[in-house]
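Notes follow the structure.
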Amino acid sequence: MAEAFLLLVLSLVATPVASAATLQDMNWQAKTPVQIEEQVDAFPSKDEMLNASDGTLYWVVAVVDGDTVMVSAPDRSLFQVRLLAVDTNEINGPDSTAECYGIEAANFTLDFLKNRAVYLSSDPANQDTDPFGRKLRYVDVLKEDGSIVRLNDALLKAGMATYPTQYPTSTPDTFKSLEDTAKANNLGLWGACK
């Protein structure tokens, strides 16, 4: 019901954020997005999405791969976000072939974020950006049932990603536990990429 209402509101105030041609002309970092939306709807209000959260909401306009997305801020600026605490296999490897489970991870991220506004948060244990200028963030999503789910956790839980221990996080035990559970159950890449 909440999703139907949100879709109705969005359909009434829809305005494009960026066309596919505009995004492609901006020459993003040497990766090809899995999907770029031809037209992106307007932002819902903070009250509608997160019950008056004090955070800024962003709209996902492209999924670059399983752990990298492109978002649009309320001022319509575009930037890339590299997810903290996860590492998915590449969809564009050094020889232009996808690595094992790279496409599946990218599709998981795409399905998880499709038609969703997101809340981004940093981790004080890590830097603000990576060497490529991508913002390092956790990505929280409002789901149909009203719950807020973190994409970073969902990727690890489903076995779509590994936890890169060389990059600091405030709660490493949480991420390691999610990875260990997926690995023990042969989920995702743990069952497919031996």
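Scheme for the structure tokens: letters A, B, ... for chains in order shown; per-chain residue numbers from 1; ligand numbers from 1 in order shown.
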
Find the spatial neighbours of Asp130 of chain A, counting only C-alpha atoms, within a cut-off of 12 Å - ignore same-chain residues fewer than 3 positions away - and output them as a count of residues only. 14

Each segment 96-130 of chain A residue no farther than 9 Å from segment 151-159 of chain A, nearest pair in Å, only C-alpha atoms, as CSV:
```
residue,atom,partner,partner_atom,distance
A:Ala105,CA,A:Leu155,CA,7.6
A:Phe108,CA,A:Leu155,CA,7.8
A:Thr109,CA,A:Leu151,CA,7.5
A:Phe112,CA,A:Leu151,CA,7.4
A:Leu113,CA,A:Leu151,CA,8.3
```

Neighbours of Val149 of chain A within 9 Å (only C-alpha atoms; same-chain residues fewer than 6 positions away dropped), as a list in words? Val139, Asp140, Val141, Leu142 and Lys143 of chain A

Would you save the residues of that selection, restricted to N, CA and C atoms, as an mmCIF file, in the first residue's frame?
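Okay, part15.cif is ready:
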```
data_model
loop_
_atom_site.group_PDB
_atom_site.id
_atom_site.type_symbol
_atom_site.label_atom_id
_atom_site.label_comp_id
_atom_site.auth_asym_id
_atom_site.auth_seq_id
_atom_site.Cartn_x
_atom_site.Cartn_y
_atom_site.Cartn_z
ATOM 1 N N VAL A 139 24.613 2.232 2.233
ATOM 2 C CA VAL A 139 23.420 2.618 1.477
ATOM 3 C C VAL A 139 22.205 1.961 2.126
ATOM 4 N N ASP A 140 21.343 2.783 2.716
ATOM 5 C CA ASP A 140 20.121 2.304 3.360
ATOM 6 C C ASP A 140 18.935 2.581 2.452
ATOM 7 N N VAL A 141 18.025 1.590 2.370
ATOM 8 C CA VAL A 141 16.899 1.645 1.439
ATOM 9 C C VAL A 141 15.597 1.406 2.183
ATOM 10 N N LEU A 142 14.572 2.184 1.873
ATOM 11 C CA LEU A 142 13.234 1.957 2.412
ATOM 12 C C LEU A 142 12.544 0.926 1.534
ATOM 13 N N LYS A 143 12.149 -0.218 2.137
ATOM 14 C CA LYS A 143 11.508 -1.303 1.390
ATOM 15 C C LYS A 143 9.984 -1.180 1.461
#
```

Practice item. Give me the residues within 10 Å of Ser170 of chain A as number ranges by chain, counting only C-alpha atoms and dropping any in the same chain fewer than 3 places off. Key: A: 85, 123-126, 173-175

For the residues selected in the previous step, produce a file with C-alpha atoms as a compact mmCIF listing (two decimals), in the first residue's frame.
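Output below, filename result26.txt:
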```txt
# COMPACT_ATOMS: atom_id res chain seq x y z
CA ALA A 85 32.47 -3.16 3.77
CA ASP A 123 31.86 5.38 8.57
CA PRO A 124 34.14 7.40 10.87
CA ALA A 125 36.70 4.56 10.69
CA ASN A 126 37.14 5.09 6.94
CA ASP A 173 32.65 -8.33 13.45
CA THR A 174 29.17 -7.71 12.04
CA PHE A 175 30.37 -7.82 8.44
```

### Task
Based on DSSP run over this structure's backbone, return all residues of segment 31-177 of chain A in strand (DSSP E), as a PyMOL selection string.
chain A and resi 35-36+57-65+68-72+78-83+117-121+135-142+148-150

Of A:Leu189, A:Ala98, A:Asp111, A:Ser121, the one sitting nearest Thr56 of chain A when using only C-alpha atoms is A:Ser121

Can you work out which one of A:Leu187, A:Tyr101, A:Gly66, A:Asp87 has the shortest atom-to-atom distance to Thr165 of chain A, counting only C-alpha atoms?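 Checking each of A:Leu187, A:Tyr101, A:Gly66, A:Asp87 against Thr165 of chain A, counting only C-alpha atoms, the winner is A:Asp87.
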
Task: Of the listed residues A:Glu104, A:Asp75, A:Asp95, A:Glu90, that which approaches Met160 of chain A most closely, counting only C-alpha atoms - done: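 Nearest candidate to Met160 of chain A out of A:Glu104, A:Asp75, A:Asp95, A:Glu90: A:Glu104.
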
- Which of segment 32-172 of chain A DSSP labels alpha helix (DSSP H), written as a ChimeraX atom specification: /A:46-50,102-113,151-157,172

- [ ] Would you work out the distance separating atom CA of Thr88 of chain A from atom CA of Gly146 of chain A, expressed in Å to one decimal?
- [x]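 Interatomic distance here is 27.1 Å.
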
### Message
Using only C-alpha atoms, which protein or nucleic acid residues come within 10 Å of Cys193 of chain A? Drop anything in the same chain fewer than 6 positions from it, and give the result as number ranges by chain.
### Response
A: 99-101, 186

Selection file, N, CA and C atoms, as a CSV table (one decimal), in the first residue's frame:
```csv
chain,number,residue,atom,x,y,z
A,99,GLU,N,34.0,-11.3,-14.0
A,99,GLU,CA,34.5,-12.3,-13.1
A,99,GLU,C,33.3,-13.1,-12.5
A,100,CYS,N,33.6,-14.3,-12.0
A,100,CYS,CA,32.6,-15.2,-11.5
A,100,CYS,C,31.7,-14.4,-10.5
A,101,TYR,N,30.4,-14.5,-10.7
A,101,TYR,CA,29.4,-13.9,-9.9
A,101,TYR,C,29.3,-12.4,-9.9
A,186,ASN,N,27.2,-21.9,1.5
A,186,ASN,CA,27.5,-21.9,0.1
A,186,ASN,C,26.6,-21.0,-0.7
```
